[in-house]
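See below for upload-v6.txt, which holds compact mmCIF, C-alpha atoms.
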```
# COMPACT_ATOMS: atom_id res chain seq x y z
CA MET A 154 -1.09 -108.64 45.78
CA VAL A 155 -3.70 -107.39 43.39
CA LYS A 156 -2.11 -107.77 40.04
CA ALA A 157 -4.58 -108.34 37.32
CA PRO A 158 -8.18 -107.31 36.92
CA THR A 159 -9.01 -110.99 36.53
CA ASP A 160 -8.01 -111.48 40.17
CA TRP A 161 -10.55 -108.85 40.92
CA SER A 162 -13.48 -111.23 40.66
CA ALA A 163 -11.50 -114.24 41.84
CA ARG A 164 -10.66 -112.61 45.16
CA SER A 165 -14.15 -111.32 45.64
CA HIS A 166 -15.64 -114.43 47.10
CA ASP A 167 -13.35 -114.48 50.13
CA LEU A 168 -13.48 -110.75 50.62
CA ALA A 169 -17.28 -110.79 50.50
CA ARG A 170 -17.33 -113.34 53.29
CA LEU A 171 -14.92 -111.29 55.39
CA LEU A 172 -16.97 -108.16 54.82
CA ALA A 173 -20.17 -109.92 55.80
CA ARG A 174 -18.60 -111.14 59.01
CA ALA A 175 -17.14 -107.72 59.74
CA GLY A 176 -20.64 -106.34 59.24
CA LEU A 177 -21.81 -108.57 62.05
CA GLY A 178 -19.13 -107.23 64.34
CA ASP A 179 -16.41 -109.84 63.80
CA ARG A 180 -13.16 -108.00 64.50
CA ALA A 181 -10.95 -110.95 63.54
CA ALA A 182 -12.57 -111.05 60.11
CA PHE A 183 -12.07 -107.32 59.82
CA ALA A 184 -8.38 -107.69 60.71
CA THR A 185 -8.00 -110.30 57.97
CA LEU A 186 -9.80 -108.03 55.54
CA TYR A 187 -7.33 -105.28 56.44
CA GLU A 188 -4.36 -107.58 55.96
CA GLN A 189 -5.56 -108.63 52.56
CA THR A 190 -6.56 -105.26 51.18
CA SER A 191 -4.68 -102.46 52.96
CA SER A 192 -1.56 -102.53 50.82
CA HIS A 193 -3.70 -102.15 47.71
CA LEU A 194 -5.81 -99.34 49.14
CA PHE A 195 -2.75 -97.59 50.57
CA ALA A 196 -1.11 -97.64 47.15
CA VAL A 197 -4.26 -96.28 45.53
CA VAL A 198 -4.46 -93.47 48.09
CA LEU A 199 -0.73 -92.66 47.78
CA ARG A 200 -1.06 -92.23 44.03
CA ILE A 201 -3.62 -89.54 44.60
CA ASN A 202 -2.34 -87.92 47.77
CA ARG A 203 1.43 -88.33 48.01
CA ASP A 204 1.78 -86.88 51.45
CA ARG A 205 2.53 -90.04 53.40
CA ALA A 206 1.21 -88.82 56.72
CA GLN A 207 -2.00 -87.69 55.11
CA ALA A 208 -2.28 -90.91 53.15
CA GLU A 209 -2.02 -92.86 56.41
CA ASP A 210 -4.75 -90.74 57.98
CA ILE A 211 -6.92 -91.30 54.93
CA LEU A 212 -6.35 -95.04 55.10
CA GLN A 213 -7.37 -95.01 58.74
CA GLU A 214 -10.57 -93.11 57.90
CA VAL A 215 -11.28 -95.51 55.06
CA TYR A 216 -11.15 -98.60 57.25
CA VAL A 217 -13.14 -97.04 60.07
CA ASN A 218 -15.77 -96.25 57.45
CA VAL A 219 -15.55 -99.74 56.03
CA TRP A 220 -16.13 -101.19 59.48
CA ARG A 221 -19.21 -99.03 59.95
CA ALA A 222 -20.60 -99.64 56.50
CA ALA A 223 -19.64 -103.31 56.13
CA SER A 224 -23.14 -104.45 57.00
CA SER A 225 -24.59 -102.44 54.15
CA PHE A 226 -22.23 -103.90 51.60
CA ASP A 227 -24.24 -105.86 49.07
CA ALA A 228 -22.28 -108.50 47.20
CA ALA A 229 -25.05 -108.76 44.65
CA GLN A 230 -24.56 -105.12 43.68
CA SER A 231 -20.82 -104.68 43.77
CA GLN A 232 -17.56 -106.56 44.02
CA PRO A 233 -15.84 -106.15 47.38
CA LEU A 234 -12.59 -104.88 45.93
CA THR A 235 -14.47 -102.40 43.78
CA TRP A 236 -16.40 -101.19 46.78
CA LEU A 237 -13.31 -100.84 48.95
CA THR A 238 -11.23 -99.19 46.26
CA SER A 239 -14.01 -96.72 45.51
CA ILE A 240 -14.21 -95.69 49.16
CA ALA A 241 -10.44 -95.23 49.29
CA ARG A 242 -10.29 -93.26 46.05
CA ASN A 243 -13.17 -91.03 47.08
CA ARG A 244 -11.51 -90.20 50.39
CA ALA A 245 -8.21 -89.50 48.69
CA ILE A 246 -9.76 -87.30 46.02
CA ASP A 247 -11.71 -85.38 48.66
CA SER A 248 -8.48 -84.72 50.52
CA LEU A 249 -6.87 -83.39 47.34
CA ARG A 250 -9.79 -81.12 46.57
CA ARG A 251 -9.71 -79.74 50.08
CA MET A 252 -6.02 -79.00 49.74
CA HIS A 253 -6.28 -77.30 46.40
CA SER A 254 -9.07 -74.83 46.34
CA GLN A 255 -7.07 -73.61 43.40
CA PRO A 256 -5.48 -76.23 41.21
CA GLN A 257 -1.74 -76.32 41.81
CA VAL A 258 0.00 -78.35 39.25
CA ARG A 259 3.61 -79.30 39.13
CA SER A 260 5.05 -79.08 35.69
CA VAL A 261 5.61 -82.05 33.48
CA VAL A 262 9.15 -83.32 33.35
CA ALA A 263 10.16 -84.11 29.83
CA ALA A 264 11.24 -87.57 28.80
CA GLY A 265 14.68 -88.30 30.19
CA GLY A 266 14.13 -85.76 32.92
CA ASP A 267 15.75 -86.09 36.30
CA ALA A 268 12.72 -86.26 38.53
CA ARG A 269 14.01 -89.42 40.17
CA ASP A 270 17.07 -87.68 41.52
CA SER A 271 15.09 -86.13 44.28
CA GLU A 272 13.24 -88.18 46.85
CA ASP A 273 10.77 -85.40 47.43
CA GLU A 274 9.93 -84.87 43.84
CA ASP A 275 7.50 -87.64 43.20
CA VAL A 276 8.12 -89.71 40.16
CA TYR A 277 4.40 -90.21 39.66
CA ASP A 278 4.15 -86.55 38.70
CA THR A 279 5.96 -87.14 35.54
CA VAL A 280 3.94 -88.77 32.86
CA ALA A 281 7.02 -89.24 30.74
CA ASP A 282 9.07 -90.89 33.47
CA ASP A 283 9.72 -94.57 33.12
CA ALA A 284 8.92 -95.39 36.74
CA PRO A 285 5.34 -96.58 36.54
CA GLY A 286 3.50 -93.44 35.62
CA PRO A 287 -0.24 -93.32 35.19
CA LEU A 288 0.00 -94.18 31.53
CA GLU A 289 2.09 -97.24 32.16
CA LEU A 290 -0.26 -98.31 34.89
CA LEU A 291 -3.02 -98.15 32.37
CA SER A 292 -1.17 -100.38 29.97
CA ARG A 293 -0.12 -102.69 32.79
CA ALA A 294 -3.73 -103.33 33.66
CA THR A 295 -3.38 -106.74 32.18
CA GLY A 296 -5.44 -109.83 32.50
CA ALA A 297 -8.86 -108.56 31.65
CA ARG A 298 -8.29 -108.69 27.96
CA SER A 299 -11.38 -106.68 27.17
CA LEU A 300 -10.29 -103.75 29.35
CA GLU A 301 -6.86 -103.80 27.75
CA THR A 302 -8.24 -104.03 24.25
CA CYS A 303 -10.68 -101.24 24.88
CA MET A 304 -7.93 -99.01 26.26
CA GLU A 305 -5.86 -99.63 23.15
CA GLN A 306 -8.64 -98.31 21.01
CA LEU A 307 -8.36 -94.88 22.56
CA SER A 308 -5.99 -92.34 21.07
CA ALA A 309 -2.73 -91.70 22.89
CA SER A 310 -3.90 -88.34 24.21
CA GLN A 311 -7.19 -89.78 25.33
CA ARG A 312 -5.40 -92.54 27.20
CA GLN A 313 -3.02 -90.12 28.81
CA SER A 314 -5.75 -87.76 30.00
CA LEU A 315 -7.73 -90.70 31.33
CA ALA A 316 -4.72 -92.08 33.18
CA LEU A 317 -3.89 -88.72 34.77
CA ALA A 318 -7.44 -88.20 35.93
CA PHE A 319 -8.00 -91.72 37.17
CA PHE A 320 -4.73 -92.61 38.86
CA GLN A 321 -3.81 -89.20 40.22
CA GLY A 322 -7.26 -87.88 40.91
CA LEU A 323 -6.68 -84.72 38.89
CA SER A 324 -9.57 -82.45 38.04
CA HIS A 325 -10.34 -81.42 34.46
CA ALA A 326 -8.41 -78.20 34.97
CA GLU A 327 -5.43 -79.98 36.46
CA VAL A 328 -5.28 -82.51 33.63
CA ALA A 329 -5.44 -79.61 31.19
CA ALA A 330 -2.54 -77.87 32.93
CA GLN A 331 -0.42 -81.01 33.01
CA MET A 332 -1.02 -81.81 29.38
CA ARG A 333 -0.83 -78.17 28.32
CA GLU A 334 -4.07 -78.39 26.45
CA PRO A 335 -7.13 -76.16 26.64
CA LEU A 336 -9.70 -77.18 29.23
CA GLY A 337 -12.35 -77.72 26.57
CA THR A 338 -10.11 -80.11 24.69
CA ILE A 339 -9.44 -82.16 27.81
CA LYS A 340 -13.10 -82.29 28.69
CA SER A 341 -14.02 -83.55 25.26
CA TRP A 342 -11.15 -86.11 25.20
CA LEU A 343 -12.24 -87.47 28.52
CA ARG A 344 -15.90 -87.47 27.61
CA ARG A 345 -15.21 -89.31 24.37
CA SER A 346 -12.81 -91.73 26.05
CA LEU A 347 -15.40 -92.67 28.63
CA VAL A 348 -18.16 -93.14 26.08
CA ALA A 349 -15.87 -95.24 23.88
CA LEU A 350 -14.64 -97.27 26.83
CA LYS A 351 -18.12 -98.02 27.99
CA SER A 352 -19.47 -99.15 24.66
CA CYS A 353 -16.33 -101.18 23.98
CA LEU A 354 -16.56 -102.95 27.34
CA GLU A 355 -20.25 -103.59 26.90
CA ALA A 356 -19.70 -105.05 23.47
CA ALA A 357 -16.94 -107.27 24.86
CA ALA A 358 -19.19 -108.45 27.66
CA GLN A 359 -21.87 -109.31 25.15
CA ARG A 360 -19.43 -111.28 23.05
CA ASP A 361 -18.24 -113.15 26.14
CA ALA A 362 -21.80 -113.94 27.12
CA LYS A 363 -22.54 -115.24 23.66
CA ARG A 364 -19.46 -117.40 23.69
CA ALA A 365 -20.34 -118.76 27.13
CA GLY A 366 -23.95 -119.41 26.18
CA MET B 203 -32.50 -80.46 36.04
CA ASP B 204 -33.81 -83.97 35.76
CA TYR B 205 -31.14 -86.20 37.24
CA GLY B 206 -33.22 -89.24 36.46
CA LYS B 207 -32.41 -88.84 32.80
CA ARG B 208 -30.24 -91.68 31.77
CA ALA B 209 -27.74 -89.89 29.61
CA LEU B 210 -27.14 -87.16 32.14
CA ALA B 211 -26.87 -89.68 34.95
CA GLU B 212 -24.33 -91.59 32.88
CA ALA B 213 -22.18 -88.53 32.20
CA LEU B 214 -22.24 -87.30 35.80
CA ALA B 215 -21.49 -90.74 37.22
CA ALA B 216 -18.59 -91.20 34.80
CA ASP B 217 -17.07 -87.86 35.82
CA TYR B 218 -17.58 -88.64 39.47
CA VAL B 219 -15.97 -92.08 39.28
CA LEU B 220 -13.13 -90.88 37.08
CA GLY B 221 -12.58 -88.23 39.72
CA THR B 222 -12.46 -85.07 37.64
CA MET B 223 -15.21 -83.18 39.46
CA ARG B 224 -14.24 -80.26 41.64
CA ALA B 225 -15.03 -80.26 45.33
CA GLY B 226 -18.39 -78.52 45.02
CA ALA B 227 -19.61 -80.70 42.18
CA ARG B 228 -18.51 -83.83 44.05
CA ARG B 229 -20.44 -82.81 47.12
CA ARG B 230 -23.55 -81.98 45.10
CA PHE B 231 -23.31 -85.30 43.29
CA GLU B 232 -22.94 -87.23 46.54
CA ALA B 233 -25.92 -85.40 48.00
CA LEU B 234 -28.02 -86.47 45.02
CA LEU B 235 -27.05 -90.15 45.20
CA PRO B 236 -29.37 -91.36 47.98
CA SER B 237 -32.51 -90.13 46.25
CA HIS B 238 -31.69 -90.94 42.62
CA VAL B 239 -31.68 -94.59 41.80
CA GLU B 240 -30.51 -94.00 38.23
CA LEU B 241 -27.46 -92.10 39.48
CA ARG B 242 -26.66 -94.86 41.95
CA ARG B 243 -26.97 -97.49 39.26
CA ALA B 244 -24.78 -95.58 36.82
CA THR B 245 -22.19 -94.86 39.51
CA ALA B 246 -21.98 -98.50 40.56
CA ALA B 247 -21.59 -99.56 36.94
CA TRP B 248 -18.77 -97.06 36.36
CA GLN B 249 -17.02 -98.15 39.52
CA GLU B 250 -17.21 -101.74 38.37
CA ARG B 251 -15.76 -100.73 35.01
CA MET B 252 -12.95 -98.52 36.27
CA MET B 253 -11.73 -99.88 39.60
CA PRO B 254 -10.04 -102.97 38.14
CA LEU B 255 -7.59 -100.54 36.53
CA THR B 256 -6.11 -99.98 39.98
CA ALA B 257 -4.96 -103.59 40.00
CA SER B 258 -1.89 -102.44 38.10
CA ILE B 259 -0.70 -100.26 40.98
CA ASP B 260 2.05 -101.93 42.99
CA PRO B 261 0.84 -102.51 46.54
CA VAL B 262 2.41 -100.43 49.30
CA GLN B 263 2.43 -101.86 52.80
CA PRO B 264 1.09 -99.28 55.24
CA PRO B 265 3.03 -98.93 58.53
CA GLY B 266 1.73 -101.11 61.36
CA ASP B 267 0.80 -98.02 63.28
CA VAL B 268 -2.17 -97.44 60.96
CA TRP B 269 -3.86 -100.68 61.97
CA ARG B 270 -3.23 -99.92 65.64
CA ARG B 271 -4.90 -96.56 65.27
CA ILE B 272 -7.87 -98.10 63.46
CA SER B 273 -8.12 -100.76 66.10
CA ASP B 274 -8.01 -98.19 68.92
CA ARG B 275 -10.75 -96.18 67.32
CA LEU B 276 -12.98 -99.21 66.98
CA ASP B 277 -12.31 -100.09 70.63
CA ARG B 278 -13.27 -96.63 71.77
CA ARG B 279 -16.38 -96.77 69.66
CA LYS B 280 -17.33 -100.11 71.10
CA SER B 281 -17.01 -98.96 74.68
CA VAL B 282 -19.42 -96.08 74.28
CA VAL B 283 -22.21 -98.34 73.06
CA ALA B 284 -23.98 -99.59 76.13
CA GLY B 285 -25.67 -102.89 76.61
CA ALA B 286 -25.03 -106.48 75.79
CA TRP B 287 -25.78 -106.00 72.16
CA GLN B 288 -23.54 -103.43 70.65
CA ARG B 289 -24.19 -103.49 67.01
CA LEU B 290 -27.45 -101.59 66.73
CA SER B 291 -26.04 -99.50 63.93
CA PHE B 292 -25.96 -102.68 61.96
CA TRP B 293 -29.71 -102.97 62.13
CA ARG B 294 -30.10 -99.42 60.99
CA SER B 295 -28.04 -99.91 57.90
CA VAL B 296 -29.32 -103.33 56.99
CA SER B 297 -32.88 -102.26 57.36
CA ALA B 298 -32.32 -99.09 55.41
CA PHE B 299 -31.19 -101.31 52.59
CA ALA B 300 -33.88 -103.91 52.91
CA GLY B 301 -36.71 -101.62 53.74
CA VAL B 302 -37.47 -99.78 50.54
CA ALA B 303 -39.72 -102.48 49.16
CA ALA B 304 -41.51 -102.81 52.45
CA ILE B 305 -42.39 -99.15 52.64
CA ALA B 306 -43.62 -99.17 49.07
CA LEU B 307 -45.90 -102.09 49.80
CA ALA B 308 -47.20 -100.53 52.95
CA VAL B 309 -48.05 -97.33 51.14
CA LEU B 310 -49.71 -99.26 48.37
CA LEU B 311 -51.86 -101.13 50.82
CA ALA B 312 -52.55 -98.15 52.97
CA SER B 313 -53.85 -95.83 50.31
CA PRO B 314 -57.12 -97.38 49.06
CA ARG B 315 -58.89 -98.14 52.33
CA PRO B 316 -59.55 -95.79 55.20
CA ALA B 317 -59.81 -98.63 57.74
CA ALA B 318 -56.36 -99.58 58.98
CA PRO B 319 -55.04 -102.15 56.52
CA PRO B 320 -52.41 -104.72 57.34
CA VAL B 321 -48.85 -103.59 56.91
CA VAL B 322 -46.68 -105.91 54.94
CA VAL B 323 -42.98 -106.03 55.75
CA VAL B 324 -40.56 -107.78 53.47
CA LEU B 325 -37.66 -109.16 55.45
CA ALA B 326 -34.91 -109.49 52.91
CA PRO B 327 -32.14 -112.02 53.47
CA THR B 328 -28.86 -110.47 54.56
CA GLU B 329 -25.36 -111.48 53.56
CA ALA B 330 -25.30 -113.90 56.44
CA ALA B 331 -28.38 -115.67 55.11
CA ALA B 332 -27.19 -115.78 51.55
CA SER B 333 -24.23 -117.93 52.49
CA GLY B 334 -26.41 -120.54 54.17
CA SER B 335 -29.82 -121.18 52.75
CA ALA B 336 -31.90 -120.07 49.80
CA ALA B 337 -31.97 -116.33 49.52
CA ALA B 338 -35.74 -115.77 49.52
CA PRO B 339 -37.32 -113.21 51.81
CA ILE B 340 -39.67 -113.74 54.71
CA VAL B 341 -42.88 -111.74 54.52
CA ALA B 342 -44.40 -110.43 57.72
CA SER B 343 -47.87 -108.95 57.84
CA ILE B 344 -49.01 -106.86 60.78
CA SER B 345 -52.78 -106.67 61.19
CA GLY B 346 -54.41 -103.28 60.87
CA ASP B 347 -55.23 -103.12 64.57
CA GLY B 348 -51.64 -104.00 65.37
CA ALA B 349 -52.60 -107.02 67.45
CA THR B 350 -51.15 -109.84 65.41
CA LEU B 351 -48.25 -110.42 63.15
CA VAL B 352 -48.04 -113.27 60.68
CA THR B 353 -44.75 -114.36 59.13
CA ARG B 354 -44.42 -116.47 56.07
CA PRO B 355 -41.13 -117.50 54.50
CA ILE B 356 -41.36 -117.50 50.72
CA VAL B 357 -39.43 -120.74 50.68
CA PRO B 358 -38.92 -122.93 53.76
CA VAL B 359 -35.82 -121.88 55.63
CA ALA B 360 -33.16 -124.56 56.09
CA LEU B 361 -31.68 -124.47 59.56
CA ARG B 362 -29.45 -126.64 61.70
CA PRO B 363 -31.56 -128.71 64.09
CA ASP B 364 -29.96 -127.09 67.12
CA ARG B 365 -30.81 -123.57 65.99
CA SER B 366 -33.93 -121.42 66.00
CA LEU B 367 -34.91 -118.31 64.11
CA GLU B 368 -35.96 -115.50 66.39
CA LEU B 369 -37.96 -112.45 65.33
CA TRP B 370 -37.06 -109.05 66.75
CA ALA B 371 -38.70 -105.65 66.78
CA VAL B 372 -35.97 -103.02 66.50
CA PRO B 373 -36.87 -99.58 67.87
CA ARG B 374 -36.15 -96.54 65.78
CA ASP B 375 -34.31 -94.80 68.61
CA GLY B 376 -31.57 -97.38 68.79
CA THR B 377 -32.63 -98.97 72.06
CA ALA B 378 -32.40 -102.72 72.50
CA PRO B 379 -34.46 -104.89 70.17
CA ARG B 380 -37.47 -106.66 71.67
CA SER B 381 -38.07 -110.31 71.01
CA LEU B 382 -41.29 -111.19 69.20
CA GLY B 383 -40.66 -114.86 69.66
CA VAL B 384 -39.13 -117.84 67.94
CA LEU B 385 -40.29 -118.72 64.45
CA PRO B 386 -41.13 -122.36 63.88
CA SER B 387 -39.04 -123.68 61.00
CA GLY B 388 -40.74 -124.24 57.71
CA SER B 389 -44.22 -122.88 57.36
CA GLY B 390 -44.40 -119.56 59.16
CA ALA B 391 -45.95 -118.29 62.35
CA THR B 392 -48.59 -116.12 63.86
CA VAL B 393 -47.30 -113.93 66.62
CA ALA B 394 -49.64 -112.24 69.05
CA ILE B 395 -48.39 -108.72 69.62
CA ARG B 396 -48.34 -107.91 73.28
CA GLY B 397 -49.04 -104.37 74.37
CA LYS B 398 -46.95 -101.72 72.73
CA VAL B 399 -44.15 -103.93 71.58
CA LEU B 400 -44.24 -102.31 68.13
CA ALA B 401 -44.34 -98.73 69.44
CA GLY B 402 -41.44 -96.77 68.01
CA VAL B 403 -40.33 -99.78 66.01
CA ASP B 404 -39.37 -99.40 62.38
CA THR B 405 -37.48 -102.59 61.67
CA LEU B 406 -38.18 -106.27 61.94
CA ALA B 407 -35.24 -108.61 61.90
CA VAL B 408 -34.60 -112.31 62.26
CA THR B 409 -31.50 -113.79 63.87
CA VAL B 410 -30.18 -117.31 64.20
CA GLU B 411 -30.21 -118.29 67.88
CA PRO B 412 -29.67 -121.44 69.92
CA LEU B 413 -32.64 -123.80 69.85
CA GLY B 414 -35.58 -122.20 71.64
CA GLY B 415 -34.34 -118.67 71.25
CA SER B 416 -31.72 -116.35 72.68
CA PRO B 417 -30.81 -117.34 76.22
CA SER B 418 -30.09 -113.75 77.21
CA GLY B 419 -33.15 -112.02 75.80
CA ALA B 420 -30.92 -110.05 73.43
CA PRO B 421 -29.97 -111.19 69.95
CA THR B 422 -26.77 -113.20 69.87
CA GLY B 423 -26.58 -114.72 66.41
CA PRO B 424 -26.18 -113.37 62.90
CA ILE B 425 -29.00 -111.39 61.40
CA VAL B 426 -30.36 -113.34 58.48
CA TYR B 427 -33.40 -111.27 57.51
CA ALA B 428 -34.30 -107.66 58.00
CA GLY B 429 -36.97 -105.27 56.77
CA LYS B 430 -38.04 -101.75 57.58
CA PHE B 431 -41.63 -100.57 57.87
CA SER B 432 -43.75 -97.77 59.23
CA LEU B 433 -47.06 -98.12 61.02
```
As structure tokens, the full file:
Amino acid sequence: MVKAPTDWSARSHDLARLLARAGLGDRAAFATLYEQTSSHLFAVVLRINRDRAQAEDILQEVYVNVWRAASSFDAAQSQPLTWLTSIARNRAIDSLRRMHSQPQVRSVVAAGGDARDSEDEDVYDTVADDAPGPLELLSRATGARSLETCMEQLSASQRQSLALAFFQGLSHAEVAAQMREPLGTIKSWLRRSLVALKSCLEAAAQRDAKRAG
Amino acid sequence: MDYGKRALAEALAADYVLGTMRAGARRRFEALLPSHVELRRATAAWQERMMPLTASIDPVQPPGDVWRRISDRLDRRKSVVAGAWQRLSFWRSVSAFAGVAAIALAVLLASPRPAAPPVVVVLAPTEAAASGSAAAPIVASISGDGATLVTRPIVPVALRPDRSLELWAVPRDGTAPRSLGVLPSGSGATVAIRGKVLAGVDTLAVTVEPLGGSPSGAPTGPIVYAGKFSL
């Protein structure tokens, strides 16, 4: 349903209207909003918390929250899909952090590993697996050329650490364990990736604005 | 630590949005958000930057049971709210959003003079208003003695001929809003405040109602303007 970041803005107009109506107590609008967004939010939550039952509970919490907060959603400040996805991710990450007071990290399966043989062993754990792992998701984030270009400018390790943290909701320590790198290294990779990403995206936005104007 | 500092706000917001903070740090960050505008701004900007990345995740249809459970919970919630008008929480959240400017103005006006000054309330247009007419606020001024209230739209409000705008005083304690009367379209209105109609009230809001005002005495239409204030 949500495929490319370009759809992100395109879909926003309709979703903003649905959210506004939900904020005024319109249950039918809220049901439509659920239909149009739940499979995306469920997928986002499942990436982070792979326990299906828990992911369903989280999704339920997310939409009850959305219903309550819909009236405070401000389309001028935020895109609807961004707002919804942020709520879902936050809930999912909170559930992970509650589960792991200590980081528990499953080991990385090497390229060509057999993680897919077992249903229980989640393929998303394995960064080297060819089922869409976090890294591939990052590169699949097509459409918004600037985001793609900016991602390409990061080093491979930077991209990988960013993908693990973002898609799987791993903490610094957990990313470090997965990538078998010292915590300090991971922190500095991530820090530098974020700074680079931001300035690259801002520069791209400025270029776009210039071209448009 | 000064969380207003831009660079620090940036770094914290980036970590928060990326999701690498531990539980304690996340909770502390979330607790700081309401009172730190720079943190909120930086967080929103990072969310806007990062969330489109999730577009590459293949959607997964949740089981139908999830919607039923959500729906049940909303039904239960609805039934515990008494009265004809069940969405008071909406007023709370809208006004919390719209009210910051109003409070600032009121404080500004209140400080220099000891005699009770008028209180100015900015009623900001809500989502519902933005879709219809020009998104300019209505300003309401309550006289220092609390006896009159004057409203003035910043630009004339376009409205269907069979509709009226009605002004409501919304009590802080969540009880039913009280009507302050119908606003004439266009220029603005002076409303005589009867008795203690503003007692315990912290929000003014405007709804779209059938011509002449709500038939039931409770708001029925969408809220198009809202603003918080304190007397």
Here's a test: counting all atoms listed in the file, identify every protein, DNA and RNA residue with an atom at most 8 Å from (-41.1, -112.7, 54.9) in the file's coordinate frame, and state them as a PDB file with C-alpha atoms, keeping the file's coordinate frame.
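New file selection_38.pdb:
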```pdb
ATOM      1  CA  VAL B 323     -42.980-106.030  55.750  1.00  0.00           C
ATOM      2  CA  VAL B 324     -40.560-107.780  53.470  1.00  0.00           C
ATOM      3  CA  LEU B 325     -37.660-109.160  55.450  1.00  0.00           C
ATOM      4  CA  ALA B 326     -34.910-109.490  52.910  1.00  0.00           C
ATOM      5  CA  PRO B 339     -37.320-113.210  51.810  1.00  0.00           C
ATOM      6  CA  ILE B 340     -39.670-113.740  54.710  1.00  0.00           C
ATOM      7  CA  VAL B 341     -42.880-111.740  54.520  1.00  0.00           C
ATOM      8  CA  ALA B 342     -44.400-110.430  57.720  1.00  0.00           C
ATOM      9  CA  THR B 353     -44.750-114.360  59.130  1.00  0.00           C
ATOM     10  CA  ARG B 354     -44.420-116.470  56.070  1.00  0.00           C
ATOM     11  CA  PRO B 355     -41.130-117.500  54.500  1.00  0.00           C
ATOM     12  CA  ILE B 356     -41.360-117.500  50.720  1.00  0.00           C
TER      13      ILE B 356
END
```
If you count all atoms listed in the file, which residues fall within 9 Å of Leu234 (chain A), apart from same-chain ones fewer than 5 positions away, as a PyMOL selection string? (chain A and resi 161-162+164-165+168-169+190+239) or (chain B and resi 253-254)
Which residue of A:Leu290, A:Val217, A:Leu354, A:Leu237 approaches Arg275 (chain B) most closely, using all atoms listed in the file: A:Val217
Nearest-residue call for chain A, choices B:Arg228, B:Lys430, B:Arg374, B:Lys398, using all atoms listed in the file: B:Arg228
Atom-to-atom span, CA of Leu172 (chain A) and CA of Gln249 (chain B), Å: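 Answer for the CA of Leu172 (chain A) to CA of Gln249 (chain B) separation: 18.3 Å.
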Name the residues in contact with Leu323 (chain A) at a cut-off of 10 Å, using only C-alpha atoms, excluding same-chain residues fewer than 6 positions from it; report them as a list of chain:residue names. A:Ile201, A:Ile246, A:Leu249, A:Arg250, A:Pro256, A:Val258, A:Ser314, A:Leu315, A:Ala316, A:Leu317, A:Ala329, A:Ala330, A:Gln331, B:Leu220, B:Gly221, B:Thr222, B:Met223, B:Arg224
Would you work out the distance separating CA of Arg270 (chain B) from CA of Ala257 (chain B), expressed in Å to one decimal?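 Value for the CA of Arg270 (chain B)-CA of Ala257 (chain B) distance: 26.0 Å.
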Within 7 Å of chain A: residues of chain B, using all atoms listed in the file, as a PyMOL selection string: chain B and resi 220-225+249-250+253-264+268+272+289+292+295-296+299+329-330+424
Could you write out the selected residues, including C-alpha atoms, as a CSV table (one decimal), keeping the file's coordinate frame?
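Full text of part_6.csv as output:
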```csv
chain,number,residue,atom,x,y,z
B,220,LEU,CA,-13.1,-90.9,37.1
B,221,GLY,CA,-12.6,-88.2,39.7
B,222,THR,CA,-12.5,-85.1,37.6
B,223,MET,CA,-15.2,-83.2,39.5
B,224,ARG,CA,-14.2,-80.3,41.6
B,225,ALA,CA,-15.0,-80.3,45.3
B,249,GLN,CA,-17.0,-98.2,39.5
B,250,GLU,CA,-17.2,-101.7,38.4
B,253,MET,CA,-11.7,-99.9,39.6
B,254,PRO,CA,-10.0,-103.0,38.1
B,255,LEU,CA,-7.6,-100.5,36.5
B,256,THR,CA,-6.1,-100.0,40.0
B,257,ALA,CA,-5.0,-103.6,40.0
B,258,SER,CA,-1.9,-102.4,38.1
B,259,ILE,CA,-0.7,-100.3,41.0
B,260,ASP,CA,2.0,-101.9,43.0
B,261,PRO,CA,0.8,-102.5,46.5
B,262,VAL,CA,2.4,-100.4,49.3
B,263,GLN,CA,2.4,-101.9,52.8
B,264,PRO,CA,1.1,-99.3,55.2
B,268,VAL,CA,-2.2,-97.4,61.0
B,272,ILE,CA,-7.9,-98.1,63.5
B,289,ARG,CA,-24.2,-103.5,67.0
B,292,PHE,CA,-26.0,-102.7,62.0
B,295,SER,CA,-28.0,-99.9,57.9
B,296,VAL,CA,-29.3,-103.3,57.0
B,299,PHE,CA,-31.2,-101.3,52.6
B,329,GLU,CA,-25.4,-111.5,53.6
B,330,ALA,CA,-25.3,-113.9,56.4
B,424,PRO,CA,-26.2,-113.4,62.9
```
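With CA of Arg242 (chain B) on one side and CA of Tyr427 (chain B) on the other, the separation reads 23.6 Å.
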